[in-house]
$ cat work-v6.txt   # compact mmCIF, C-alpha atoms
# COMPACT_ATOMS: atom_id res chain seq x y z
CA MET O 69 -95.59 11.66 -47.08
CA SER O 70 -94.57 14.83 -45.25
CA LEU O 71 -96.07 15.89 -41.93
CA SER O 72 -97.92 18.77 -43.60
CA GLU O 73 -99.40 16.38 -46.18
CA THR O 74 -100.50 14.05 -43.40
CA ALA O 75 -102.22 16.92 -41.61
CA ALA O 76 -103.90 18.09 -44.82
CA GLU O 77 -105.53 14.68 -45.27
CA HIS O 78 -106.95 14.56 -41.75
CA SER O 79 -110.74 14.38 -41.84
CA ARG O 80 -111.17 16.98 -39.09
CA LEU O 81 -108.70 19.55 -40.44
CA HIS O 82 -110.45 21.69 -43.03
CA LEU O 83 -108.39 23.79 -45.42
CA LEU O 84 -109.91 26.74 -47.20
CA PRO O 85 -110.13 26.09 -50.95
CA GLN O 86 -106.63 26.81 -52.22
CA THR O 87 -107.69 29.34 -54.85
CA ASN O 88 -105.44 31.86 -56.54
CA GLN O 89 -107.24 34.60 -54.59
CA LEU O 90 -106.35 33.01 -51.26
CA LYS O 91 -102.77 32.34 -52.34
CA GLY O 92 -102.44 35.96 -53.39
CA LEU O 93 -103.77 37.23 -50.05
CA MET O 94 -101.47 34.91 -48.10
CA THR O 95 -98.48 35.99 -50.19
CA ILE O 96 -99.12 39.60 -49.26
CA ILE O 97 -99.40 38.99 -45.51
CA ARG O 98 -96.37 36.68 -45.46
CA ASP O 99 -94.17 39.30 -47.18
CA ILE O 100 -91.82 41.04 -44.73
CA LYS O 101 -92.06 44.17 -46.90
CA THR O 102 -95.85 44.51 -46.55
CA PRO O 103 -96.70 47.71 -44.59
CA ARG O 104 -98.94 47.38 -41.56
CA GLY O 105 -102.01 48.94 -43.21
CA ASP O 106 -101.93 46.38 -46.00
CA PHE O 107 -101.16 43.57 -43.57
CA VAL O 108 -104.28 44.39 -41.55
CA PHE O 109 -106.49 44.85 -44.63
CA TYR O 110 -105.54 41.58 -46.31
CA SER O 111 -105.46 39.63 -43.05
CA ASP O 112 -109.01 40.78 -42.40
CA ARG O 113 -110.04 39.44 -45.80
CA VAL O 114 -108.62 36.00 -45.00
CA ILE O 115 -110.20 36.07 -41.55
CA ARG O 116 -113.60 36.79 -43.11
CA LEU O 117 -113.18 33.77 -45.41
CA LEU O 118 -112.26 31.60 -42.43
CA ILE O 119 -115.24 32.70 -40.35
CA GLU O 120 -117.62 32.05 -43.24
CA GLU O 121 -116.12 28.60 -43.72
CA GLY O 122 -116.33 27.86 -40.00
CA LEU O 123 -120.06 28.58 -40.03
CA ASN O 124 -120.47 25.76 -42.55
CA TYR O 125 -119.79 23.26 -39.76
CA LEU O 126 -122.67 24.41 -37.58
CA PRO O 127 -125.80 22.24 -37.54
CA VAL O 128 -128.89 23.26 -39.51
CA VAL O 129 -132.55 22.27 -39.63
CA ASP O 130 -134.97 22.33 -42.54
CA LYS O 131 -136.96 25.54 -42.87
CA GLU O 132 -139.64 26.62 -45.32
CA VAL O 133 -140.22 30.28 -46.15
CA THR O 134 -142.40 32.13 -48.64
CA THR O 135 -140.70 34.31 -51.24
CA PRO O 136 -142.05 37.71 -52.37
CA MET O 137 -143.46 35.84 -55.37
CA GLY O 138 -145.77 33.91 -53.04
CA VAL O 139 -143.88 30.68 -53.69
CA PRO O 140 -142.62 28.40 -50.90
CA PHE O 141 -138.87 27.87 -50.68
CA HIS O 142 -137.39 24.91 -48.85
CA GLY O 143 -134.14 25.96 -47.18
CA VAL O 144 -132.33 25.59 -43.88
CA ALA O 145 -131.80 27.59 -40.70
CA PHE O 146 -128.93 27.42 -38.25
CA GLU O 147 -129.66 25.40 -35.16
CA GLY O 148 -128.26 26.45 -31.81
CA ARG O 149 -126.40 29.53 -30.66
CA ILE O 150 -122.75 30.47 -31.09
CA CYS O 151 -120.11 32.57 -29.41
CA GLY O 152 -116.49 33.41 -30.10
CA VAL O 153 -113.53 32.97 -27.78
CA SER O 154 -110.29 34.73 -28.69
CA ILE O 155 -106.89 33.70 -27.37
CA MET O 156 -105.28 36.98 -26.37
CA ARG O 157 -103.73 38.90 -27.88
CA ALA O 158 -103.40 37.82 -31.52
CA GLY O 159 -106.81 36.13 -31.47
CA GLU O 160 -108.45 39.49 -30.81
CA SER O 161 -107.61 40.43 -34.40
CA MET O 162 -110.24 37.91 -35.54
CA GLU O 163 -113.10 39.23 -33.42
CA GLN O 164 -114.29 41.85 -35.90
CA GLY O 165 -114.46 39.28 -38.67
CA LEU O 166 -116.83 37.24 -36.51
CA ARG O 167 -118.92 40.31 -35.63
CA ASP O 168 -119.19 41.22 -39.32
CA VAL O 169 -121.10 38.03 -40.09
CA CYS O 170 -122.78 37.28 -36.74
CA THR O 171 -124.57 40.31 -35.35
CA SER O 172 -124.49 40.79 -31.57
CA VAL O 173 -122.33 37.69 -31.14
CA ARG O 174 -120.91 37.20 -27.66
CA ILE O 175 -117.11 36.94 -27.44
CA GLY O 176 -115.09 35.61 -24.54
CA LYS O 177 -111.38 36.06 -23.95
CA VAL O 178 -108.66 33.78 -22.65
CA LEU O 179 -105.04 34.69 -21.85
CA ILE O 180 -102.51 31.87 -22.06
CA GLN O 181 -98.80 32.43 -21.45
CA ARG O 182 -95.82 30.17 -21.01
CA ASP O 183 -94.74 29.62 -17.42
CA GLU O 184 -91.05 30.58 -17.30
CA ARG O 185 -90.31 27.97 -14.64
CA THR O 186 -91.98 25.00 -16.28
CA ALA O 187 -92.01 26.15 -19.95
CA GLN O 188 -95.63 24.94 -20.06
CA ALA O 189 -98.67 26.92 -21.20
CA LYS O 190 -100.55 28.40 -18.24
CA LEU O 191 -104.00 29.93 -18.04
CA TYR O 192 -103.78 33.46 -16.61
CA TYR O 193 -107.18 34.93 -17.45
CA SER O 194 -110.54 33.66 -18.64
CA LYS O 195 -113.75 35.60 -19.19
CA LEU O 196 -116.43 33.52 -20.91
CA PRO O 197 -120.17 33.97 -21.52
CA LYS O 198 -122.16 32.55 -18.61
CA ASP O 199 -124.16 30.29 -20.90
CA ILE O 200 -121.19 29.10 -22.96
CA SER O 201 -121.97 25.47 -22.14
CA ASP O 202 -125.13 25.82 -24.27
CA ARG O 203 -123.32 27.32 -27.26
CA TRP O 204 -121.14 26.37 -30.20
CA VAL O 205 -117.73 28.01 -29.81
CA LEU O 206 -115.53 29.46 -32.52
CA LEU O 207 -112.09 29.51 -30.92
CA LEU O 208 -109.99 32.22 -32.56
CA ASP O 209 -106.19 32.29 -32.89
CA PRO O 210 -104.38 33.16 -36.12
CA MET O 211 -101.20 31.12 -35.52
CA LEU O 212 -100.87 27.50 -34.38
CA ALA O 213 -97.31 26.29 -33.73
CA THR O 214 -96.99 23.52 -31.14
CA GLY O 215 -100.59 23.86 -30.00
CA GLY O 216 -99.77 24.42 -26.34
CA SER O 217 -101.84 27.57 -25.89
CA ALA O 218 -104.80 26.29 -27.90
CA ILE O 219 -104.81 22.99 -26.00
CA LYS O 220 -104.83 24.82 -22.67
CA CYS O 221 -107.69 27.01 -23.88
CA ILE O 222 -109.74 24.01 -25.03
CA GLU O 223 -109.21 22.43 -21.63
CA ALA O 224 -110.62 25.61 -20.06
CA LEU O 225 -113.64 25.46 -22.39
CA LEU O 226 -114.29 21.83 -21.49
CA GLU O 227 -114.07 22.70 -17.79
CA ALA O 228 -116.68 25.41 -18.44
CA GLY O 229 -119.05 22.76 -19.77
CA VAL O 230 -118.59 23.22 -23.52
CA ARG O 231 -119.02 19.98 -25.43
CA GLU O 232 -115.91 19.06 -27.37
CA GLU O 233 -117.83 18.48 -30.61
CA ARG O 234 -119.10 22.07 -30.39
CA ILE O 235 -115.61 23.62 -30.54
CA LEU O 236 -114.37 24.90 -33.91
CA PHE O 237 -110.77 26.15 -33.92
CA VAL O 238 -110.41 28.89 -36.56
CA ASN O 239 -106.85 29.67 -37.60
CA LEU O 240 -104.88 31.38 -40.41
CA VAL O 241 -101.63 29.40 -40.44
CA CYS O 242 -100.88 26.17 -38.62
CA ALA O 243 -97.83 23.96 -38.21
CA PRO O 244 -98.67 20.28 -38.73
CA GLU O 245 -97.12 19.33 -35.39
CA GLY O 246 -99.58 21.50 -33.47
CA ALA O 247 -102.60 20.60 -35.56
CA LEU O 248 -102.02 16.85 -35.31
CA ALA O 249 -101.35 17.10 -31.56
CA MET O 250 -104.65 18.89 -31.01
CA LEU O 251 -106.64 16.51 -33.17
CA ALA O 252 -105.14 13.50 -31.39
CA LEU O 253 -105.88 14.93 -27.95
CA PHE O 254 -109.42 16.05 -28.80
CA PRO O 255 -111.05 13.44 -31.08
CA LYS O 256 -114.18 15.54 -31.72
CA LEU O 257 -112.46 18.87 -32.41
CA GLN O 258 -112.66 20.52 -35.85
CA ILE O 259 -109.93 22.84 -37.19
CA ILE O 260 -110.51 25.35 -39.99
CA THR O 261 -107.33 26.92 -41.41
CA ALA O 262 -106.12 28.85 -44.44
CA GLU O 263 -102.74 27.15 -44.88
CA ILE O 264 -100.63 24.39 -43.37
CA ASP O 265 -96.95 25.28 -43.16
CA GLU O 266 -93.89 23.04 -43.26
CA GLY O 267 -93.33 22.85 -39.50
CA VAL O 268 -91.58 24.60 -36.63
CA ASP O 269 -87.91 25.35 -36.05
CA GLU O 270 -85.85 24.72 -32.91
CA GLN O 271 -87.32 27.83 -31.28
CA LYS O 272 -90.85 26.56 -32.12
CA PHE O 273 -91.45 29.30 -34.69
CA ILE O 274 -93.61 28.37 -37.69
CA LEU O 275 -91.77 28.04 -41.01
CA PRO O 276 -92.10 29.65 -43.49
CA GLY O 277 -94.59 31.51 -41.28
CA LEU O 278 -95.34 35.22 -41.34
CA GLY O 279 -93.66 36.50 -38.19
CA ASP O 280 -95.43 37.57 -35.01
CA PHE O 281 -99.01 38.07 -36.19
CA GLY O 282 -100.09 40.11 -33.17
CA ASP O 283 -97.16 42.53 -33.45
CA ARG O 284 -97.67 43.03 -37.17
CA TYR O 285 -101.46 43.44 -36.86
CA PHE O 286 -101.48 45.78 -33.85
CA GLY O 287 -98.34 47.71 -34.81
CA THR O 288 -96.20 46.75 -31.82
CA GLU O 289 -93.15 45.46 -33.67
CA ASP O 290 -89.74 46.52 -32.37

$ encode --input "work-v6.txt" --output "C-alpha cells"
Amino acid sequence: MSLSETAAEHSRLHLLPQTNQLKGLMTIIRDIKTPRGDFVFYSDRVIRLLIEEGLNYLPVVDKEVTTPMGVPFHGVAFEGRICGVSIMRAGESMEQGLRDVCTSVRIGKVLIQRDERTAQAKLYYSKLPKDISDRWVLLLDPMLATGGSAIKCIEALLEAGVREERILFVNLVCAPEGALAMLALFPKLQIITAEIDEGVDEQKFILPGLGDFGDRYFGTED
C-alpha cells in the first residue's frame, strides 16, 4: 500500500467525494496553462466545497421548528461558535469561502516562516480572536507538504487555549507525509482535504502538486 493510500484510509483524514465535478475542477487548477482569473474562480469553487464539508464535523443538537404549513419539523442546529484562522499568506485565499457560508465569522491570522538558521518553522505573527478558546476553529491553508507550518500553527492554537478536538484543518491538496505527521502528533485533529498527492520531492515540493498556490492566486508569480 502506498503512503497516499495509507493516508486516505485514516479515520481522521476526510476526503471530499471524488466526483467527476471535483476532478474536473482540480484538473483546471493544476494545469500550468490555466490563466490566473480561471485559477482563482475554480479554486474558490473547491474552497467552498471544502468549507461546507468542514461544517459537517461540527456538533449539533436536536431542534424543532414549525413550518409555514403549521407542521412541526424535527431538525438540528449547530452547537457552539466557530472562527477561522488562516495561515498567511496562501491561507488568506480561503477566508472569503468561509465568510460566504458563515456570516460575520471571526477570522484570525498566523504567519509561519522557516528560520534560515535552523530550517525549522517559526511563528512570526499571531492575531487571534480573544475568545478563541471557546470556539471551534477552521484552520485554513490550501497546501500541506511536510506539515511544519501547520503543526507550528496548531501548537499556537493549543497555547491559546483551543481544545485539540475543536480544530479542523481545511486544505486543498496534501502530501501524505505531512498529513500523517500531523495526525500522529495531534490524535484528536481532523483534516478535510480535496486530494491527497503522491508525496514530496527532495526540495519538499508536493508532487504532482499545482505550484505555489499563493503566487498563482494573488498574481505574484515571477

$ residues_near_point --input "work-v6.txt" --point "(-106.2, 26.4, -46.9)" --cutoff "10 Å" --atoms "all atoms listed in the file" --output "PDB file with C-alpha atoms, in the frame of the given file"
ATOM      1  CA  ALA O  76    -103.900  18.090 -44.820  1.00  0.00           C
ATOM      2  CA  LEU O  81    -108.700  19.550 -40.440  1.00  0.00           C
ATOM      3  CA  HIS O  82    -110.450  21.690 -43.030  1.00  0.00           C
ATOM      4  CA  LEU O  83    -108.390  23.790 -45.420  1.00  0.00           C
ATOM      5  CA  LEU O  84    -109.910  26.740 -47.200  1.00  0.00           C
ATOM      6  CA  PRO O  85    -110.130  26.090 -50.950  1.00  0.00           C
ATOM      7  CA  GLN O  86    -106.630  26.810 -52.220  1.00  0.00           C
ATOM      8  CA  THR O  87    -107.690  29.340 -54.850  1.00  0.00           C
ATOM      9  CA  LEU O  90    -106.350  33.010 -51.260  1.00  0.00           C
ATOM     10  CA  LYS O  91    -102.770  32.340 -52.340  1.00  0.00           C
ATOM     11  CA  MET O  94    -101.470  34.910 -48.100  1.00  0.00           C
ATOM     12  CA  LEU O 118    -112.260  31.600 -42.430  1.00  0.00           C
ATOM     13  CA  ASN O 239    -106.850  29.670 -37.600  1.00  0.00           C
ATOM     14  CA  LEU O 240    -104.880  31.380 -40.410  1.00  0.00           C
ATOM     15  CA  VAL O 241    -101.630  29.400 -40.440  1.00  0.00           C
ATOM     16  CA  CYS O 242    -100.880  26.170 -38.620  1.00  0.00           C
ATOM     17  CA  ILE O 260    -110.510  25.350 -39.990  1.00  0.00           C
ATOM     18  CA  THR O 261    -107.330  26.920 -41.410  1.00  0.00           C
ATOM     19  CA  ALA O 262    -106.120  28.850 -44.440  1.00  0.00           C
ATOM     20  CA  GLU O 263    -102.740  27.150 -44.880  1.00  0.00           C
ATOM     21  CA  ILE O 264    -100.630  24.390 -43.370  1.00  0.00           C
TER      22      ILE O 264
END

$ residues_around --input "work-v6.txt" --residues "Thr171 in chain O" --least-positions-apart "4" --cutoff "12 Å" --atoms "only C-alpha atoms" --output "PyMOL selection string"
chain O and resi 149-152+163-167+175

$ write_last_selection --input "work-v6.txt" --atoms "C-alpha atoms" --output "tab-separated table (two decimals), in the frame of the given file"
chain	number	residue	atom	x	y	z
O	149	ARG	CA	-126.40	29.53	-30.66
O	150	ILE	CA	-122.75	30.47	-31.09
O	151	CYS	CA	-120.11	32.57	-29.41
O	152	GLY	CA	-116.49	33.41	-30.10
O	163	GLU	CA	-113.10	39.23	-33.42
O	164	GLN	CA	-114.29	41.85	-35.90
O	165	GLY	CA	-114.46	39.28	-38.67
O	166	LEU	CA	-116.83	37.24	-36.51
O	167	ARG	CA	-118.92	40.31	-35.63
O	175	ILE	CA	-117.11	36.94	-27.44

$ axis_aligned_box --input "work-v6.txt" --around "range 100-104 of chain O" --padding-each-side "5 Å" --output "lines of an AutoDock Vina configuration file"
center_x = -95.4
center_y = 44.4
center_z = -44.2
size_x = 17.1
size_y = 16.7
size_z = 15.3

$ residues_around --input "work-v6.txt" --residues "Leu93 in chain O" --least-positions-apart "2" --cutoff "9 Å" --atoms "all atoms listed in the file" --output "list in words"
Asn88, Gln89, Leu90, Lys91, Thr95, Ile96, Ile97, Arg98, Tyr110, Ser111, Arg113 and Val114 of chain O

$ residues_around --input "work-v6.txt" --residues "range 141-144 of chain O" --least-positions-apart "3" --cutoff "6 Å" --atoms "only C-alpha atoms" --output "list in words"
Val129, Asp130, Lys131, Glu132, Val133 and Thr134 of chain O

$ closest_residue --input "work-v6.txt" --among "O:Lys272, O:Lys190, O:Lys256, O:Arg157" --to "Ala224 in chain O" --atoms "all atoms listed in the file"
O:Lys190

$ closest_residue --input "work-v6.txt" --among "O:Val169, O:Leu278, O:Ile222, O:Val178" --to "Phe107 in chain O" --atoms "all atoms listed in the file"
O:Leu278

$ closest_residue --input "work-v6.txt" --among "O:Ser154, O:Asn124, O:Ser172, O:Gln188" --to "Val205 in chain O" --atoms "all atoms listed in the file"
O:Ser154

$ closest_residue --input "work-v6.txt" --among "O:Ile115, O:Val238, O:Leu212, O:Leu226" --to "Asp265 in chain O" --atoms "all atoms listed in the file"
O:Leu212

$ atom_distance --input "work-v6.txt" --atom1 "CA of Phe286 in chain O" --atom2 "CA of Ser161 in chain O"
8.2 Å

$ decode --input "work-v6.txt" --residues "range 128-142 of chain O" --atoms "all heavy atoms" --output "mmCIF file, in the first residue's frame"
data_model
loop_
_atom_site.group_PDB
_atom_site.id
_atom_site.type_symbol
_atom_site.label_atom_id
_atom_site.label_comp_id
_atom_site.auth_asym_id
_atom_site.auth_seq_id
_atom_site.Cartn_x
_atom_site.Cartn_y
_atom_site.Cartn_z
ATOM 1 N N VAL O 128 -23.962 19.150 16.652
ATOM 2 C CA VAL O 128 -25.318 19.677 16.516
ATOM 3 C C VAL O 128 -26.176 19.184 17.676
ATOM 4 O O VAL O 128 -25.831 18.224 18.363
ATOM 5 C CB VAL O 128 -25.967 19.248 15.179
ATOM 6 C CG1 VAL O 128 -25.222 19.831 13.993
ATOM 7 C CG2 VAL O 128 -26.038 17.727 15.067
ATOM 8 N N VAL O 129 -27.282 19.870 17.875
ATOM 9 C CA VAL O 129 -28.281 19.450 18.866
ATOM 10 C C VAL O 129 -29.631 19.370 18.162
ATOM 11 O O VAL O 129 -29.858 20.015 17.131
ATOM 12 C CB VAL O 129 -28.361 20.439 20.049
ATOM 13 C CG1 VAL O 129 -27.064 20.423 20.855
ATOM 14 C CG2 VAL O 129 -28.660 21.857 19.559
ATOM 15 N N ASP O 130 -30.523 18.574 18.706
ATOM 16 C CA ASP O 130 -31.864 18.469 18.142
ATOM 17 C C ASP O 130 -32.600 19.801 18.268
ATOM 18 O O ASP O 130 -32.461 20.517 19.264
ATOM 19 C CB ASP O 130 -32.661 17.380 18.856
ATOM 20 C CG ASP O 130 -32.098 15.987 18.595
ATOM 21 O OD1 ASP O 130 -31.472 15.802 17.538
ATOM 22 O OD2 ASP O 130 -32.285 15.108 19.450
ATOM 23 N N LYS O 131 -33.367 20.126 17.256
ATOM 24 C CA LYS O 131 -34.155 21.358 17.293
ATOM 25 C C LYS O 131 -35.460 21.143 16.535
ATOM 26 O O LYS O 131 -35.477 20.574 15.439
ATOM 27 C CB LYS O 131 -33.374 22.522 16.667
ATOM 28 C CG LYS O 131 -34.138 23.843 16.725
ATOM 29 C CD LYS O 131 -33.295 24.986 16.184
ATOM 30 C CE LYS O 131 -34.046 26.311 16.293
ATOM 31 N NZ LYS O 131 -33.228 27.456 15.829
ATOM 32 N N GLU O 132 -36.543 21.601 17.133
ATOM 33 C CA GLU O 132 -37.856 21.510 16.482
ATOM 34 C C GLU O 132 -38.316 22.898 16.070
ATOM 35 O O GLU O 132 -38.229 23.848 16.848
ATOM 36 C CB GLU O 132 -38.883 20.878 17.416
ATOM 37 C CG GLU O 132 -40.274 20.756 16.785
ATOM 38 C CD GLU O 132 -41.292 20.108 17.713
ATOM 39 O OE1 GLU O 132 -41.006 18.988 18.201
ATOM 40 O OE2 GLU O 132 -42.336 20.732 17.972
ATOM 41 N N VAL O 133 -38.767 23.011 14.819
ATOM 42 C CA VAL O 133 -39.314 24.272 14.320
ATOM 43 C C VAL O 133 -40.697 23.998 13.731
ATOM 44 O O VAL O 133 -41.082 22.847 13.521
ATOM 45 C CB VAL O 133 -38.398 24.895 13.242
ATOM 46 C CG1 VAL O 133 -37.041 25.224 13.818
ATOM 47 C CG2 VAL O 133 -38.264 23.960 12.041
ATOM 48 N N THR O 134 -41.419 25.076 13.462
ATOM 49 C CA THR O 134 -42.726 24.963 12.828
ATOM 50 C C THR O 134 -42.638 25.511 11.415
ATOM 51 O O THR O 134 -42.152 26.623 11.198
ATOM 52 C CB THR O 134 -43.795 25.738 13.624
ATOM 53 O OG1 THR O 134 -43.848 25.225 14.955
ATOM 54 C CG2 THR O 134 -45.162 25.594 12.967
ATOM 55 N N THR O 135 -43.077 24.735 10.434
ATOM 56 C CA THR O 135 -43.016 25.166 9.042
ATOM 57 C C THR O 135 -44.168 26.121 8.737
ATOM 58 O O THR O 135 -45.120 26.247 9.525
ATOM 59 C CB THR O 135 -43.108 23.951 8.105
ATOM 60 O OG1 THR O 135 -44.464 23.470 8.080
ATOM 61 C CG2 THR O 135 -42.184 22.837 8.545
ATOM 62 N N PRO O 136 -44.119 26.823 7.595
ATOM 63 C CA PRO O 136 -45.233 27.700 7.218
ATOM 64 C C PRO O 136 -46.571 26.966 7.064
ATOM 65 O O PRO O 136 -47.628 27.615 7.036
ATOM 66 C CB PRO O 136 -44.774 28.281 5.874
ATOM 67 C CG PRO O 136 -43.284 28.252 5.949
ATOM 68 C CD PRO O 136 -42.958 26.994 6.691
ATOM 69 N N MET O 137 -46.515 25.630 7.003
ATOM 70 C CA MET O 137 -47.748 24.857 6.914
ATOM 71 C C MET O 137 -48.326 24.543 8.293
ATOM 72 O O MET O 137 -49.324 23.839 8.420
ATOM 73 C CB MET O 137 -47.492 23.547 6.159
ATOM 74 C CG MET O 137 -46.936 23.754 4.757
ATOM 75 S SD MET O 137 -47.994 24.794 3.729
ATOM 76 C CE MET O 137 -49.450 23.770 3.596
ATOM 77 N N GLY O 138 -47.675 25.072 9.335
ATOM 78 C CA GLY O 138 -48.140 24.831 10.693
ATOM 79 C C GLY O 138 -47.804 23.454 11.215
ATOM 80 O O GLY O 138 -48.398 22.988 12.196
ATOM 81 N N VAL O 139 -46.833 22.812 10.580
ATOM 82 C CA VAL O 139 -46.452 21.443 10.947
ATOM 83 C C VAL O 139 -45.085 21.473 11.616
ATOM 84 O O VAL O 139 -44.166 22.148 11.138
ATOM 85 C CB VAL O 139 -46.406 20.542 9.694
ATOM 86 C CG1 VAL O 139 -45.968 19.120 10.073
ATOM 87 C CG2 VAL O 139 -47.758 20.521 9.005
ATOM 88 N N PRO O 140 -44.899 20.753 12.720
ATOM 89 C CA PRO O 140 -43.586 20.713 13.358
ATOM 90 C C PRO O 140 -42.591 19.925 12.512
ATOM 91 O O PRO O 140 -42.944 18.942 11.856
ATOM 92 C CB PRO O 140 -43.855 20.020 14.700
ATOM 93 C CG PRO O 140 -45.084 19.211 14.472
ATOM 94 C CD PRO O 140 -45.914 19.985 13.491
ATOM 95 N N PHE O 141 -41.357 20.392 12.517
ATOM 96 C CA PHE O 141 -40.268 19.697 11.819
ATOM 97 C C PHE O 141 -39.141 19.460 12.805
ATOM 98 O O PHE O 141 -38.680 20.389 13.477
ATOM 99 C CB PHE O 141 -39.764 20.522 10.632
ATOM 100 C CG PHE O 141 -38.563 19.920 9.949
ATOM 101 C CD1 PHE O 141 -38.715 18.891 9.038
ATOM 102 C CD2 PHE O 141 -37.275 20.373 10.248
ATOM 103 C CE1 PHE O 141 -37.603 18.326 8.420
ATOM 104 C CE2 PHE O 141 -36.167 19.813 9.638
ATOM 105 C CZ PHE O 141 -36.336 18.787 8.719
ATOM 106 N N HIS O 142 -38.699 18.226 12.890
ATOM 107 C CA HIS O 142 -37.631 17.873 13.816
ATOM 108 C C HIS O 142 -36.294 17.879 13.058
ATOM 109 O O HIS O 142 -36.042 17.015 12.219
ATOM 110 C CB HIS O 142 -37.893 16.487 14.431
ATOM 111 C CG HIS O 142 -39.188 16.415 15.183
ATOM 112 N ND1 HIS O 142 -39.332 16.906 16.464
ATOM 113 C CD2 HIS O 142 -40.412 15.940 14.821
ATOM 114 C CE1 HIS O 142 -40.583 16.717 16.866
ATOM 115 N NE2 HIS O 142 -41.255 16.136 15.890
#
